[in-house]
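Visitor: Got a file for you: start.txt, compact mmCIF, N, CA and C atoms.
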# COMPACT_ATOMS: atom_id res chain seq x y z
N MET C 1 6.69 -97.67 29.32
CA MET C 1 5.29 -97.47 29.05
C MET C 1 4.44 -97.64 30.31
N SER C 2 4.81 -98.58 31.20
CA SER C 2 4.03 -98.80 32.42
C SER C 2 4.13 -97.60 33.36
N GLU C 3 5.25 -96.84 33.28
CA GLU C 3 5.39 -95.64 34.10
C GLU C 3 4.37 -94.58 33.67
N ASN C 4 4.11 -94.46 32.38
CA ASN C 4 3.14 -93.48 31.89
C ASN C 4 1.73 -93.83 32.37
N ILE C 5 1.38 -95.11 32.37
CA ILE C 5 0.06 -95.53 32.82
C ILE C 5 -0.09 -95.22 34.31
N THR C 6 0.94 -95.49 35.11
CA THR C 6 0.91 -95.19 36.54
C THR C 6 0.75 -93.70 36.76
N GLU C 7 1.47 -92.88 36.03
CA GLU C 7 1.37 -91.43 36.16
C GLU C 7 -0.03 -90.93 35.80
N VAL C 8 -0.61 -91.51 34.77
CA VAL C 8 -1.97 -91.11 34.37
C VAL C 8 -2.97 -91.49 35.45
N ILE C 9 -2.84 -92.68 36.03
CA ILE C 9 -3.76 -93.11 37.09
C ILE C 9 -3.61 -92.23 38.33
N VAL C 10 -2.39 -91.96 38.73
CA VAL C 10 -2.15 -91.10 39.90
C VAL C 10 -2.66 -89.68 39.61
N GLY C 11 -2.39 -89.16 38.45
CA GLY C 11 -2.86 -87.83 38.07
C GLY C 11 -4.38 -87.74 38.07
N THR C 12 -5.03 -88.77 37.58
CA THR C 12 -6.50 -88.81 37.58
C THR C 12 -7.04 -88.83 39.01
N GLY C 13 -6.39 -89.61 39.88
CA GLY C 13 -6.80 -89.65 41.29
C GLY C 13 -6.65 -88.30 41.97
N VAL C 14 -5.53 -87.63 41.73
CA VAL C 14 -5.30 -86.32 42.32
C VAL C 14 -6.33 -85.32 41.80
N LEU C 15 -6.62 -85.37 40.52
CA LEU C 15 -7.61 -84.48 39.93
C LEU C 15 -9.00 -84.74 40.51
N ALA C 16 -9.36 -86.00 40.73
CA ALA C 16 -10.66 -86.34 41.32
C ALA C 16 -10.77 -85.82 42.74
N VAL C 17 -9.70 -85.95 43.53
CA VAL C 17 -9.70 -85.43 44.90
C VAL C 17 -9.82 -83.91 44.88
N ALA C 18 -9.13 -83.24 43.98
CA ALA C 18 -9.21 -81.78 43.88
C ALA C 18 -10.62 -81.32 43.52
N ILE C 19 -11.25 -82.01 42.60
CA ILE C 19 -12.63 -81.66 42.22
C ILE C 19 -13.58 -81.90 43.38
N GLY C 20 -13.39 -83.01 44.10
CA GLY C 20 -14.22 -83.30 45.28
C GLY C 20 -14.07 -82.21 46.33
N PHE C 21 -12.85 -81.77 46.56
CA PHE C 21 -12.62 -80.69 47.53
C PHE C 21 -13.28 -79.40 47.08
N LEU C 22 -13.20 -79.09 45.82
CA LEU C 22 -13.81 -77.88 45.27
C LEU C 22 -15.33 -77.91 45.44
N VAL C 23 -15.94 -79.06 45.18
CA VAL C 23 -17.39 -79.20 45.36
C VAL C 23 -17.75 -79.02 46.83
N PHE C 24 -16.99 -79.63 47.73
CA PHE C 24 -17.24 -79.50 49.17
C PHE C 24 -17.10 -78.05 49.62
N ALA C 25 -16.02 -77.39 49.20
CA ALA C 25 -15.77 -76.01 49.60
C ALA C 25 -16.85 -75.08 49.07
N THR C 26 -17.32 -75.30 47.88
CA THR C 26 -18.39 -74.47 47.32
C THR C 26 -19.67 -74.65 48.10
N GLY C 27 -20.00 -75.87 48.47
CA GLY C 27 -21.20 -76.13 49.27
C GLY C 27 -21.11 -75.53 50.65
N ALA C 28 -19.96 -75.61 51.28
CA ALA C 28 -19.79 -75.06 52.63
C ALA C 28 -19.87 -73.54 52.61
N THR C 29 -19.30 -72.90 51.61
CA THR C 29 -19.33 -71.43 51.59
C THR C 29 -20.66 -70.89 51.12
N SER C 30 -21.43 -71.64 50.34
CA SER C 30 -22.74 -71.13 49.93
C SER C 30 -23.65 -71.01 51.14
N PHE C 31 -23.51 -71.90 52.15
CA PHE C 31 -24.28 -71.77 53.39
C PHE C 31 -23.85 -70.53 54.14
N ALA C 32 -22.56 -70.29 54.20
CA ALA C 32 -22.04 -69.15 54.95
C ALA C 32 -22.41 -67.82 54.31
N THR C 33 -22.53 -67.79 52.99
CA THR C 33 -22.81 -66.53 52.31
C THR C 33 -24.28 -66.34 52.03
N GLY C 34 -25.12 -67.23 52.47
CA GLY C 34 -26.55 -66.98 52.37
C GLY C 34 -27.24 -67.77 51.29
N GLY C 35 -26.78 -68.94 50.93
CA GLY C 35 -27.45 -69.76 49.94
C GLY C 35 -28.90 -69.97 50.31
N ASP C 36 -29.19 -70.58 51.42
CA ASP C 36 -30.54 -70.76 51.95
C ASP C 36 -30.58 -70.17 53.34
N ALA C 37 -30.27 -68.90 53.47
CA ALA C 37 -30.16 -68.29 54.79
C ALA C 37 -30.69 -66.86 54.74
N TYR C 38 -30.97 -66.33 55.93
CA TYR C 38 -31.37 -64.93 56.04
C TYR C 38 -30.47 -64.26 57.08
N SER C 39 -30.42 -62.94 57.03
CA SER C 39 -29.46 -62.20 57.84
C SER C 39 -30.13 -61.60 59.08
N LEU C 40 -29.39 -61.60 60.19
CA LEU C 40 -29.79 -60.94 61.44
C LEU C 40 -28.58 -60.14 61.94
N ALA C 41 -28.81 -59.30 62.94
CA ALA C 41 -27.73 -58.47 63.49
C ALA C 41 -27.81 -58.45 65.01
N ALA C 42 -26.68 -58.10 65.63
CA ALA C 42 -26.60 -57.91 67.08
C ALA C 42 -25.44 -56.98 67.37
N SER C 43 -25.50 -56.29 68.52
CA SER C 43 -24.45 -55.36 68.90
C SER C 43 -23.88 -55.79 70.25
N PHE C 44 -22.57 -56.05 70.30
CA PHE C 44 -21.91 -56.56 71.50
C PHE C 44 -21.00 -55.49 72.10
N ARG C 45 -20.87 -55.47 73.43
CA ARG C 45 -19.91 -54.60 74.09
C ARG C 45 -18.50 -55.04 73.73
N SER C 46 -18.29 -56.35 73.68
CA SER C 46 -16.99 -56.92 73.30
C SER C 46 -17.23 -58.18 72.48
N ALA C 47 -16.61 -58.25 71.33
CA ALA C 47 -16.74 -59.43 70.47
C ALA C 47 -15.41 -60.18 70.41
N GLU C 48 -14.69 -60.17 71.50
CA GLU C 48 -13.38 -60.82 71.56
C GLU C 48 -13.52 -62.31 71.21
N GLY C 49 -12.69 -62.77 70.29
CA GLY C 49 -12.68 -64.17 69.90
C GLY C 49 -13.64 -64.51 68.76
N VAL C 50 -14.43 -63.53 68.30
CA VAL C 50 -15.36 -63.76 67.20
C VAL C 50 -14.80 -63.11 65.95
N LYS C 51 -14.92 -63.78 64.83
CA LYS C 51 -14.47 -63.23 63.56
C LYS C 51 -15.44 -63.70 62.47
N VAL C 52 -15.31 -63.15 61.30
CA VAL C 52 -16.14 -63.58 60.18
C VAL C 52 -15.89 -65.07 59.94
N GLY C 53 -16.96 -65.83 59.88
CA GLY C 53 -16.85 -67.28 59.70
C GLY C 53 -17.10 -68.05 60.98
N THR C 54 -17.19 -67.36 62.13
CA THR C 54 -17.46 -68.04 63.40
C THR C 54 -18.85 -68.66 63.36
N ASP C 55 -19.00 -69.84 63.95
CA ASP C 55 -20.29 -70.53 63.97
C ASP C 55 -21.31 -69.79 64.81
N VAL C 56 -22.55 -69.84 64.38
CA VAL C 56 -23.70 -69.41 65.17
C VAL C 56 -24.46 -70.69 65.50
N ARG C 57 -24.68 -70.94 66.80
CA ARG C 57 -25.31 -72.18 67.23
C ARG C 57 -26.56 -71.92 68.05
N MET C 58 -27.46 -72.88 67.99
CA MET C 58 -28.65 -72.87 68.82
C MET C 58 -28.78 -74.27 69.39
N ALA C 59 -28.80 -74.38 70.72
CA ALA C 59 -28.86 -75.68 71.41
C ALA C 59 -27.69 -76.58 70.99
N GLY C 60 -26.54 -75.97 70.71
CA GLY C 60 -25.35 -76.72 70.36
C GLY C 60 -25.25 -77.12 68.90
N VAL C 61 -26.25 -76.78 68.09
CA VAL C 61 -26.27 -77.15 66.68
C VAL C 61 -25.99 -75.91 65.83
N LYS C 62 -25.11 -76.06 64.84
CA LYS C 62 -24.78 -74.93 63.97
C LYS C 62 -25.99 -74.57 63.12
N VAL C 63 -26.42 -73.30 63.23
CA VAL C 63 -27.56 -72.83 62.47
C VAL C 63 -27.21 -71.60 61.63
N GLY C 64 -25.96 -71.17 61.68
CA GLY C 64 -25.58 -70.00 60.92
C GLY C 64 -24.11 -69.68 61.04
N THR C 65 -23.73 -68.54 60.47
CA THR C 65 -22.34 -68.11 60.44
C THR C 65 -22.26 -66.59 60.56
N VAL C 66 -21.26 -66.10 61.26
CA VAL C 66 -21.02 -64.66 61.34
C VAL C 66 -20.50 -64.20 59.98
N THR C 67 -21.16 -63.19 59.41
CA THR C 67 -20.77 -62.72 58.07
C THR C 67 -20.15 -61.33 58.09
N GLY C 68 -20.29 -60.61 59.20
CA GLY C 68 -19.71 -59.28 59.27
C GLY C 68 -19.49 -58.86 60.71
N LEU C 69 -18.43 -58.11 60.93
CA LEU C 69 -18.10 -57.64 62.28
C LEU C 69 -17.34 -56.33 62.15
N GLU C 70 -17.92 -55.26 62.72
CA GLU C 70 -17.25 -53.97 62.64
C GLU C 70 -17.59 -53.12 63.85
N LEU C 71 -16.72 -52.16 64.13
CA LEU C 71 -16.91 -51.26 65.26
C LEU C 71 -17.85 -50.13 64.86
N ASN C 72 -18.86 -49.89 65.67
CA ASN C 72 -19.77 -48.77 65.45
C ASN C 72 -19.13 -47.54 66.09
N PRO C 73 -18.76 -46.52 65.29
CA PRO C 73 -18.04 -45.36 65.85
C PRO C 73 -18.90 -44.48 66.76
N GLN C 74 -20.23 -44.59 66.68
CA GLN C 74 -21.09 -43.79 67.56
C GLN C 74 -21.26 -44.44 68.92
N THR C 75 -21.42 -45.76 68.96
CA THR C 75 -21.69 -46.45 70.22
C THR C 75 -20.46 -47.15 70.80
N PHE C 76 -19.41 -47.28 70.00
CA PHE C 76 -18.19 -47.99 70.38
C PHE C 76 -18.49 -49.44 70.75
N ARG C 77 -19.45 -50.02 70.07
CA ARG C 77 -19.81 -51.43 70.25
C ARG C 77 -19.49 -52.18 68.97
N ALA C 78 -19.33 -53.49 69.08
CA ALA C 78 -19.06 -54.33 67.92
C ALA C 78 -20.39 -54.76 67.31
N ASP C 79 -20.66 -54.29 66.11
CA ASP C 79 -21.88 -54.67 65.40
C ASP C 79 -21.59 -55.91 64.57
N ALA C 80 -22.33 -56.97 64.84
CA ALA C 80 -22.15 -58.24 64.13
C ALA C 80 -23.36 -58.52 63.26
N THR C 81 -23.12 -59.01 62.06
CA THR C 81 -24.19 -59.53 61.23
C THR C 81 -23.92 -61.01 61.03
N PHE C 82 -24.98 -61.77 60.96
CA PHE C 82 -24.82 -63.21 60.80
C PHE C 82 -26.00 -63.77 60.03
N THR C 83 -25.78 -64.92 59.42
CA THR C 83 -26.84 -65.60 58.69
C THR C 83 -27.42 -66.70 59.55
N MET C 84 -28.69 -66.94 59.35
CA MET C 84 -29.39 -68.05 60.00
C MET C 84 -29.97 -68.93 58.90
N LYS C 85 -29.90 -70.23 59.11
CA LYS C 85 -30.42 -71.19 58.14
C LYS C 85 -31.92 -70.96 57.94
N GLN C 86 -32.36 -70.96 56.69
CA GLN C 86 -33.77 -70.80 56.36
C GLN C 86 -34.58 -71.88 57.08
N GLY C 87 -35.71 -71.52 57.65
CA GLY C 87 -36.54 -72.48 58.38
C GLY C 87 -36.32 -72.42 59.88
N ILE C 88 -35.23 -71.80 60.33
CA ILE C 88 -34.98 -71.60 61.77
C ILE C 88 -35.51 -70.22 62.11
N GLU C 89 -36.66 -70.17 62.74
CA GLU C 89 -37.26 -68.89 63.10
C GLU C 89 -36.85 -68.52 64.52
N VAL C 90 -36.40 -67.29 64.69
CA VAL C 90 -35.90 -66.81 65.97
C VAL C 90 -36.93 -65.88 66.60
N PRO C 91 -37.46 -66.21 67.80
CA PRO C 91 -38.40 -65.31 68.46
C PRO C 91 -37.78 -63.94 68.71
N ASP C 92 -38.62 -62.89 68.68
CA ASP C 92 -38.08 -61.53 68.79
C ASP C 92 -37.57 -61.16 70.18
N ASP C 93 -37.81 -62.01 71.18
CA ASP C 93 -37.26 -61.74 72.51
C ASP C 93 -36.08 -62.65 72.84
N SER C 94 -35.46 -63.20 71.81
CA SER C 94 -34.31 -64.08 72.00
C SER C 94 -33.09 -63.31 72.47
N ALA C 95 -32.14 -64.02 73.04
CA ALA C 95 -30.87 -63.44 73.47
C ALA C 95 -29.75 -64.07 72.64
N ILE C 96 -28.63 -63.40 72.61
CA ILE C 96 -27.47 -63.92 71.89
C ILE C 96 -26.24 -63.66 72.74
N SER C 97 -25.35 -64.66 72.81
CA SER C 97 -24.15 -64.50 73.63
C SER C 97 -22.96 -65.11 72.92
N ILE C 98 -21.79 -64.67 73.34
CA ILE C 98 -20.55 -65.24 72.83
C ILE C 98 -20.08 -66.25 73.87
N SER C 99 -19.99 -67.50 73.47
CA SER C 99 -19.63 -68.59 74.38
C SER C 99 -18.32 -69.21 73.96
N SER C 100 -17.71 -69.92 74.89
CA SER C 100 -16.44 -70.59 74.64
C SER C 100 -16.66 -72.10 74.57
N GLU C 101 -15.94 -72.74 73.67
CA GLU C 101 -16.05 -74.20 73.53
C GLU C 101 -15.35 -74.93 74.65
N GLY C 102 -14.52 -74.25 75.38
CA GLY C 102 -13.77 -74.86 76.47
C GLY C 102 -12.59 -73.99 76.82
N LEU C 103 -11.74 -74.49 77.70
CA LEU C 103 -10.60 -73.70 78.13
C LEU C 103 -9.67 -73.34 76.98
N LEU C 104 -9.40 -74.29 76.11
CA LEU C 104 -8.49 -74.03 75.00
C LEU C 104 -9.20 -73.92 73.67
N GLY C 105 -10.53 -74.10 73.67
CA GLY C 105 -11.29 -74.06 72.43
C GLY C 105 -11.57 -72.64 71.98
N GLY C 106 -12.13 -72.54 70.80
CA GLY C 106 -12.48 -71.24 70.25
C GLY C 106 -13.83 -70.78 70.75
N ASN C 107 -14.24 -69.62 70.28
CA ASN C 107 -15.53 -69.07 70.65
C ASN C 107 -16.56 -69.32 69.56
N PHE C 108 -17.82 -69.26 69.94
CA PHE C 108 -18.92 -69.32 68.99
C PHE C 108 -20.02 -68.41 69.49
N VAL C 109 -20.95 -68.08 68.62
CA VAL C 109 -22.07 -67.22 68.97
C VAL C 109 -23.27 -68.12 69.22
N GLU C 110 -23.89 -67.97 70.38
CA GLU C 110 -25.01 -68.83 70.75
C GLU C 110 -26.30 -68.01 70.79
N VAL C 111 -27.31 -68.49 70.08
CA VAL C 111 -28.63 -67.87 70.11
C VAL C 111 -29.48 -68.62 71.13
N ILE C 112 -30.01 -67.89 72.11
CA ILE C 112 -30.87 -68.47 73.14
C ILE C 112 -32.29 -68.03 72.83
N PRO C 113 -33.13 -68.94 72.32
CA PRO C 113 -34.47 -68.54 71.89
C PRO C 113 -35.34 -68.10 73.05
N GLY C 114 -36.16 -67.09 72.79
CA GLY C 114 -37.11 -66.60 73.77
C GLY C 114 -38.44 -67.33 73.63
N GLY C 115 -39.46 -66.81 74.27
CA GLY C 115 -40.76 -67.46 74.26
C GLY C 115 -41.83 -66.68 73.52
N SER C 116 -41.45 -65.62 72.84
CA SER C 116 -42.42 -64.77 72.15
C SER C 116 -43.05 -65.52 70.98
N PRO C 117 -44.33 -65.28 70.72
CA PRO C 117 -44.97 -65.88 69.55
C PRO C 117 -44.59 -65.17 68.25
N PHE C 118 -43.91 -64.02 68.36
CA PHE C 118 -43.52 -63.25 67.18
C PHE C 118 -42.04 -63.49 66.88
N ASN C 119 -41.72 -63.63 65.61
CA ASN C 119 -40.35 -63.92 65.20
C ASN C 119 -39.67 -62.70 64.58
N LEU C 120 -38.35 -62.69 64.63
CA LEU C 120 -37.57 -61.63 63.99
C LEU C 120 -37.69 -61.77 62.47
N GLU C 121 -37.83 -60.64 61.82
CA GLU C 121 -37.86 -60.60 60.37
C GLU C 121 -36.42 -60.64 59.84
N PRO C 122 -36.20 -61.11 58.60
CA PRO C 122 -34.85 -61.03 58.03
C PRO C 122 -34.33 -59.59 58.09
N GLY C 123 -33.10 -59.43 58.53
CA GLY C 123 -32.50 -58.12 58.71
C GLY C 123 -32.75 -57.54 60.10
N GLY C 124 -33.52 -58.25 60.94
CA GLY C 124 -33.82 -57.78 62.28
C GLY C 124 -32.61 -57.84 63.20
N GLU C 125 -32.76 -57.26 64.39
CA GLU C 125 -31.65 -57.21 65.34
C GLU C 125 -32.06 -57.84 66.67
N ILE C 126 -31.18 -58.67 67.21
CA ILE C 126 -31.38 -59.23 68.54
C ILE C 126 -30.84 -58.21 69.53
N GLU C 127 -31.70 -57.75 70.43
CA GLU C 127 -31.35 -56.67 71.35
C GLU C 127 -30.61 -57.16 72.59
N ASP C 128 -30.98 -58.32 73.11
CA ASP C 128 -30.41 -58.85 74.35
C ASP C 128 -29.11 -59.58 74.04
N THR C 129 -27.97 -58.95 74.34
CA THR C 129 -26.67 -59.54 74.01
C THR C 129 -25.82 -59.74 75.25
N GLN C 130 -24.98 -60.75 75.21
CA GLN C 130 -24.02 -61.03 76.28
C GLN C 130 -22.64 -61.13 75.62
N SER C 131 -21.74 -60.25 76.00
CA SER C 131 -20.42 -60.22 75.39
C SER C 131 -19.54 -61.36 75.89
N SER C 132 -18.42 -61.52 75.22
CA SER C 132 -17.48 -62.57 75.62
C SER C 132 -16.82 -62.20 76.94
N VAL C 133 -16.44 -63.23 77.67
CA VAL C 133 -15.74 -63.05 78.94
C VAL C 133 -14.28 -63.43 78.71
N SER C 134 -13.39 -62.52 79.03
CA SER C 134 -11.97 -62.77 78.82
C SER C 134 -11.43 -63.69 79.92
N LEU C 135 -10.83 -64.78 79.53
CA LEU C 135 -10.26 -65.73 80.48
C LEU C 135 -9.12 -65.09 81.27
N ILE C 136 -8.33 -64.26 80.61
CA ILE C 136 -7.21 -63.58 81.28
C ILE C 136 -7.75 -62.65 82.37
N THR C 137 -8.82 -61.91 82.08
CA THR C 137 -9.41 -61.01 83.07
C THR C 137 -9.91 -61.79 84.27
N LEU C 138 -10.56 -62.91 84.03
CA LEU C 138 -11.05 -63.74 85.13
C LEU C 138 -9.91 -64.26 85.99
N LEU C 139 -8.84 -64.73 85.34
CA LEU C 139 -7.68 -65.23 86.07
C LEU C 139 -7.03 -64.13 86.90
N MET C 140 -6.93 -62.92 86.34
CA MET C 140 -6.34 -61.82 87.07
C MET C 140 -7.18 -61.45 88.30
N LYS C 141 -8.50 -61.48 88.16
CA LYS C 141 -9.37 -61.20 89.31
C LYS C 141 -9.21 -62.28 90.37
N PHE C 142 -9.07 -63.53 89.95
CA PHE C 142 -8.92 -64.63 90.89
C PHE C 142 -7.60 -64.51 91.64
N VAL C 143 -6.51 -64.23 90.90
CA VAL C 143 -5.19 -64.14 91.51
C VAL C 143 -5.08 -62.92 92.42
N ALA C 144 -5.58 -61.78 91.95
CA ALA C 144 -5.46 -60.54 92.73
C ALA C 144 -6.50 -60.48 93.85
N GLY C 145 -7.61 -61.13 93.68
CA GLY C 145 -8.68 -61.05 94.68
C GLY C 145 -9.45 -59.77 94.50
N ASP C 146 -10.67 -59.72 95.02
CA ASP C 146 -11.52 -58.55 94.89
C ASP C 146 -11.32 -57.57 96.02
N GLY C 147 -10.59 -57.93 97.03
CA GLY C 147 -10.45 -57.10 98.21
C GLY C 147 -11.49 -57.44 99.25
N GLU C 148 -12.38 -58.39 98.93
CA GLU C 148 -13.41 -58.82 99.87
C GLU C 148 -12.87 -59.98 100.69
N GLU C 149 -13.18 -59.99 101.95
CA GLU C 149 -12.71 -61.08 102.81
C GLU C 149 -13.84 -61.64 103.61
Would it be possible to restate this file's structure as structure tokens?

Guide:
Amino acid sequence: MSENITEVIVGTGVLAVAIGFLVFATGATSFATGGDAYSLAASFRSAEGVKVGTDVRMAGVKVGTVTGLELNPQTFRADATFTMKQGIEVPDDSAISISSEGLLGGNFVEVIPGGSPFNLEPGGEIEDTQSSVSLITLLMKFVAGDGEE
């Protein structure tokens, strides 16, 4: 009989942890899918290292998430859509770049706010973009040299 009580207690604990995880996961994904967020867009020459779900940061703080990434067949650029947390207003002359967390870290999208008194409307596009820099390309240029002496 004591084995049944132990099994019930352990089962209840596992069920409570599963429900807690489900609540956490639902809260985390509602931010990513636009619970209290609005959408913006940007077009990059190269979006290497960025995928749906990548963080969007401003001053090192997460303020959004990449929600879409596709190749534009007319411009051959990577068109990205992302959400921004409601209440974070982005000036219309802001820039956006793909940055690296470190040598072995992943990439994130960084919004660099401009100084304009006018803000981007939901669905607007950030025009000033900086694509990702490939670490392999940089290493190859360093090893091979530019031919300059």

Visitor: Quick one: residues within 8 Å of range 100-109 of chain C, only N, CA and C atoms counted, chain neighbours fewer than 5 positions away excluded, as number ranges by chain?

Guide: C: 48-51, 54-58, 66, 132-133

Visitor: Output N, CA and C atoms of each residue in that selection to a file, as a compact mmCIF listing (two decimals), in the coordinates of the input.

Guide:
# COMPACT_ATOMS: atom_id res chain seq x y z
N GLU C 48 -14.69 -60.17 71.50
CA GLU C 48 -13.38 -60.82 71.56
C GLU C 48 -13.52 -62.31 71.21
N GLY C 49 -12.69 -62.77 70.29
CA GLY C 49 -12.68 -64.17 69.90
C GLY C 49 -13.64 -64.51 68.76
N VAL C 50 -14.43 -63.53 68.30
CA VAL C 50 -15.36 -63.76 67.20
C VAL C 50 -14.80 -63.11 65.95
N LYS C 51 -14.92 -63.78 64.83
CA LYS C 51 -14.47 -63.23 63.56
C LYS C 51 -15.44 -63.70 62.47
N THR C 54 -17.19 -67.36 62.13
CA THR C 54 -17.46 -68.04 63.40
C THR C 54 -18.85 -68.66 63.36
N ASP C 55 -19.00 -69.84 63.95
CA ASP C 55 -20.29 -70.53 63.97
C ASP C 55 -21.31 -69.79 64.81
N VAL C 56 -22.55 -69.84 64.38
CA VAL C 56 -23.70 -69.41 65.17
C VAL C 56 -24.46 -70.69 65.50
N ARG C 57 -24.68 -70.94 66.80
CA ARG C 57 -25.31 -72.18 67.23
C ARG C 57 -26.56 -71.92 68.05
N MET C 58 -27.46 -72.88 67.99
CA MET C 58 -28.65 -72.87 68.82
C MET C 58 -28.78 -74.27 69.39
N VAL C 66 -21.26 -66.10 61.26
CA VAL C 66 -21.02 -64.66 61.34
C VAL C 66 -20.50 -64.20 59.98
N SER C 132 -18.42 -61.52 75.22
CA SER C 132 -17.48 -62.57 75.62
C SER C 132 -16.82 -62.20 76.94
N VAL C 133 -16.44 -63.23 77.67
CA VAL C 133 -15.74 -63.05 78.94
C VAL C 133 -14.28 -63.43 78.71

Visitor: Tell me which protein, DNA and RNA residues are within 8 Å of Glu89 in chain C, counting all atoms listed in the file, leaving out same-chain ones fewer than 4 positions away, and put them as a PDB file with N, CA and C atoms, in the coordinates of the input.

Guide:
ATOM      1  N   MET C  84     -28.690 -66.940  59.350  1.00  0.00           N
ATOM      2  CA  MET C  84     -29.390 -68.050  60.000  1.00  0.00           C
ATOM      3  C   MET C  84     -29.970 -68.930  58.900  1.00  0.00           C
ATOM      4  N   LYS C  85     -29.900 -70.230  59.110  1.00  0.00           N
ATOM      5  CA  LYS C  85     -30.420 -71.190  58.140  1.00  0.00           C
ATOM      6  C   LYS C  85     -31.920 -70.960  57.940  1.00  0.00           C
ATOM      7  N   PRO C 113     -33.130 -68.940  72.320  1.00  0.00           N
ATOM      8  CA  PRO C 113     -34.470 -68.540  71.890  1.00  0.00           C
ATOM      9  C   PRO C 113     -35.340 -68.100  73.050  1.00  0.00           C
ATOM     10  N   PHE C 118     -43.910 -64.020  68.360  1.00  0.00           N
ATOM     11  CA  PHE C 118     -43.520 -63.250  67.180  1.00  0.00           C
ATOM     12  C   PHE C 118     -42.040 -63.490  66.880  1.00  0.00           C
ATOM     13  N   ASN C 119     -41.720 -63.630  65.610  1.00  0.00           N
ATOM     14  CA  ASN C 119     -40.350 -63.920  65.200  1.00  0.00           C
ATOM     15  C   ASN C 119     -39.670 -62.700  64.580  1.00  0.00           C
ATOM     16  N   LEU C 120     -38.350 -62.690  64.630  1.00  0.00           N
ATOM     17  CA  LEU C 120     -37.570 -61.630  63.990  1.00  0.00           C
ATOM     18  C   LEU C 120     -37.690 -61.770  62.470  1.00  0.00           C
TER      19      LEU C 120
END

Visitor: Provide the atom N of Ala41 in chain C to atom C of Asp93 in chain C distance in Å, to one decimal place.

Guide: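 That distance, rounded to one decimal, is 12.7 Å.
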
Visitor: Considering all atoms listed in the file, state which residue in the set C:Ala59, C:Leu22, C:Ile98, C:Ile136 is at the smallest distance from Ala47 in chain C.

Guide: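 Selected residue with least distance to Ala47 in chain C: C:Ile98.
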
Visitor: How would you write, as a list in words, the set of residues in range 106-137 of chain C that DSSP gives as strand (DSSP E)?

Guide: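 Here are the strand (DSSP E) residues of range 106-137 of chain C: Asn107, Phe108, Val109, Glu110, Val111, Ile112, Glu125, Ile126, Asp128, Thr129 and Gln130 of chain C.
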
Visitor: Please work out which residues fall within 6 Å of (-28.4, -59.4, 69.7), coordinates as given in the file, with only N, CA and C atoms counting, and return them as an MDAnalysis selection string.

Guide: chainID C and resid 41:43 95:96 125:129

Visitor: In Å, how far is it from CA of Asn4 in chain C to CA of Ala16 in chain C?

Guide: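 Going from CA of Asn4 in chain C over to CA of Ala16 in chain C, I get 18.2 Å.
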
Visitor: Take CA of Ala80 in chain C and CA of Thr67 in chain C and report the distance between them in Å, one decimal.

Guide: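 Straight-line distance from CA of Ala80 in chain C to CA of Thr67 in chain C works out to 7.7 Å.
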
Visitor: Within range 29-84 of chain C, find each residue whose DSSP state, derived from the backbone, is alpha helix (DSSP H), and express the selection as a PyMOL selection string.

Guide: chain C and resi 29-32

Visitor: Identify which of the residues C:Leu135, C:Asp92, C:Ala25, C:Gln130 lies closest to Gly115 in chain C, counting only N, CA and C atoms when measuring atom-to-atom distances.

Guide: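 Closest to Gly115 in chain C, using only N, CA and C atoms: C:Asp92.
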